[in-house]
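Take a look at the structure below.
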Amino acid sequence: ESRPLNTLTRSLSLESGTETEDDGSLLSGYRTIEDSVRDEESLASFDAPKETMPPPEGKVFTKSVVLSSLNDGGNGGDSLVLRAQHRRIMPEKENHAFINVRASSVSPFDVVKCRGVGVTKDMLPYTPGQVVVGTIEALGSEVKLPFQIGDRVVGFVGHGGNARFVSAEADNLIKASPNIKNSQAACLVEDWMSAYRALRIAKNAFKGAALFGMNVFITDGFSAIGQAAIHLADLEGANIYCCARRANHTYIQSLSSRMHVYEPRIEAWMPDIMEKMDIVIDNTCVDGYASSWQALNDNGILVCLATVNMGYSARGCGVLDIDDMLRKFS
């Protein structure tokens with residue numbers, strides 16, 4: 001069986017305010033704003049609402065993880081707070097859906113952003129969370145079928161997902177199958193779907209041929225996307241080669257009986273695999289893909305996958321079903 005999906009990209013449950021299916025509380029270090037916050041509509045300052053307080057008409061009580069300021073030390077985690085406020089039940093744009101979030105991702109990208117990297121003052125207050133799972137509470141006038149109020153969806157929102165409610169572009173949402181836990185669905189978009197698409201691109205280059213017996217090299221096998229790619233390639237019987245720090249070799253080796261794992265140094269793996277790989281998934285780009293090209297055989301395929309494709313539209317993908325996805329892949 002595959003390793004639980006939520007162990008690859010961690011998932012935050014907004015119902016409990018804690019990490020889902022993981023030890024410890026993700027929010028234990030966050031400070032709660034008790035003095036004042038800004039109302040999103042009037043921008044007037046008021047005492048931070050309590051969840052037991054009845055919300056104003058047409059609004060809901062919401063909490064969100066917020067990077068409130070940038071400090072000189074570059075460690076934005078000191079400025080993470082849990083903000084409480086009331087918010088209107090309406091999408092921010094006519095092509096958006098207003099989502100009641102049940103779980104959202106906490107990925108390496110989110111961690112970097114929470115440290116203030118890539119965040120400017122005009123972006124504050126900044127709420128992390130690229131992927132959300134939840135139910136649709138309201139729809140903009142431009143949102144068409146297949147979405148309806150009450151649908152359970154998963155989607156890529158870019159940021160803002162670590163909140164109880166979020167407004168998201170409908171084109172970046174897909175319906176979620178009821179047989180997937182919220183914590184698992186939150187990890188599929190960035191990690192498993194990225195790995196799936198990378199291998200699918202390679203398979204298409206081989207006219208859809210199965211990966212059985214093929215040599216597949218993954219430049220960072222311990223990363224979330226790398227581990228997902230290992231599981232998927234193993235399902236098809238590929239011979240898998242990858243890089244990982246020595247401390248992680250035992251774990252990576254356990255993921256497949258056809259696994260070959262090396263230290264990340266190019267000189268550690270290049271002599272064994274040069275010009276022997278049918279597929280290389282480069283999710284690191286340490287040298288402009290030069291070493292990855294060298295690893296390929298004459299008919300080999302290089303798929304560059306450094307990050308999730310933010311411009312990808314998910315409209316028309318239908319219902320997300322991990323079991324069906326794996327069946328189709330294999």
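Just remember, in the structure tokens the first chain shown is A, the second B, etc., residues are 1-based per chain, and ligands are 1-based in the order shown.
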
Inset, instruction - Can you pull out every residue within 10 Å of A:Ser64, counting only C-alpha atoms, but drop anything in the same chain fewer than 4 positions away, and send it as a list in words? - result: Leu14, Gly17, Val81, Leu82, Arg83, Ala84, Gln85, Tyr126, Thr127, Pro128, Gly160, Gly161, Asn162, Ala163, Arg164, Phe165 and Val166 of chain A

Inset, instruction - From stretch 202-268 of chain A, collect each residue whose DSSP state is strand (DSSP E or B) and return the set as a VMD selection string. - result: chain A and resid 215 to 218 239 to 243 259 to 262

Could you dump the residues just selected with C-alpha atoms as an mmCIF file, in the first residue's frame?
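The result, written out as selection-v7.cif:
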data_model
loop_
_atom_site.group_PDB
_atom_site.id
_atom_site.type_symbol
_atom_site.label_atom_id
_atom_site.label_comp_id
_atom_site.auth_asym_id
_atom_site.auth_seq_id
_atom_site.Cartn_x
_atom_site.Cartn_y
_atom_site.Cartn_z
ATOM 1 C CA ASN A 215 14.648 2.984 -15.959
ATOM 2 C CA VAL A 216 13.248 6.057 -14.189
ATOM 3 C CA PHE A 217 15.510 8.551 -12.412
ATOM 4 C CA ILE A 218 14.098 11.093 -9.912
ATOM 5 C CA ASN A 239 13.301 0.332 -12.172
ATOM 6 C CA ILE A 240 13.655 3.415 -9.981
ATOM 7 C CA TYR A 241 16.776 5.454 -9.356
ATOM 8 C CA CYS A 242 16.809 8.525 -7.154
ATOM 9 C CA CYS A 243 18.848 10.793 -4.926
ATOM 10 C CA MET A 259 14.974 0.962 -5.927
ATOM 11 C CA HIS A 260 18.501 2.322 -6.393
ATOM 12 C CA VAL A 261 19.258 5.297 -4.156
ATOM 13 C CA TYR A 262 22.307 7.561 -4.238
#

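Using only C-alpha atoms, the smallest distance between any of A:Ala186, A:Arg88, A:Arg152, A:Gly116 and A:Gly129 comes from A:Ala186.
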
Legend entry - Contact residues around A:Val111 with only C-alpha atoms at 9 Å, ignoring same-chain residues under 4 positions, as number ranges by chain: A: 77, 106-107, 115, 128

Inset, instruction - Run DSSP on the backbone of this structure and report the residues of stretch 75-271 of chain A it assigns to helix (DSSP H, G or I), as an MDAnalysis selection string. - result: chainID A and resid 76:79 108:114 121:123 170:172 182:205 224:235 246:253 266:271

Contacts of A:Gln130 at 6 Å or less, counting only C-alpha atoms, minus same-chain residues fewer than 6 places along, as a PDB file with N, CA and C atoms, in the first residue's frame?
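What landed in part_23.pdb:
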ATOM      1  N   PHE A 156      -6.659  24.493  -6.022  1.00  0.00           N
ATOM      2  CA  PHE A 156      -5.450  25.279  -5.825  1.00  0.00           C
ATOM      3  C   PHE A 156      -5.844  26.751  -5.752  1.00  0.00           C
ATOM      4  N   VAL A 157      -5.556  27.396  -4.622  1.00  0.00           N
ATOM      5  CA  VAL A 157      -5.953  28.791  -4.433  1.00  0.00           C
ATOM      6  C   VAL A 157      -4.763  29.744  -4.419  1.00  0.00           C
ATOM      7  N   GLY A 158      -3.539  29.210  -4.471  1.00  0.00           N
ATOM      8  CA  GLY A 158      -2.358  30.074  -4.480  1.00  0.00           C
ATOM      9  C   GLY A 158      -1.923  30.456  -3.074  1.00  0.00           C
ATOM     10  N   HIS A 159      -2.795  31.137  -2.352  1.00  0.00           N
ATOM     11  CA  HIS A 159      -2.574  31.440  -0.937  1.00  0.00           C
ATOM     12  C   HIS A 159      -3.923  31.795  -0.323  1.00  0.00           C
ATOM     13  N   GLY A 161      -5.413  29.729   1.953  1.00  0.00           N
ATOM     14  CA  GLY A 161      -6.138  28.509   2.301  1.00  0.00           C
ATOM     15  C   GLY A 161      -6.153  28.167   3.775  1.00  0.00           C
TER      16      GLY A 161
END
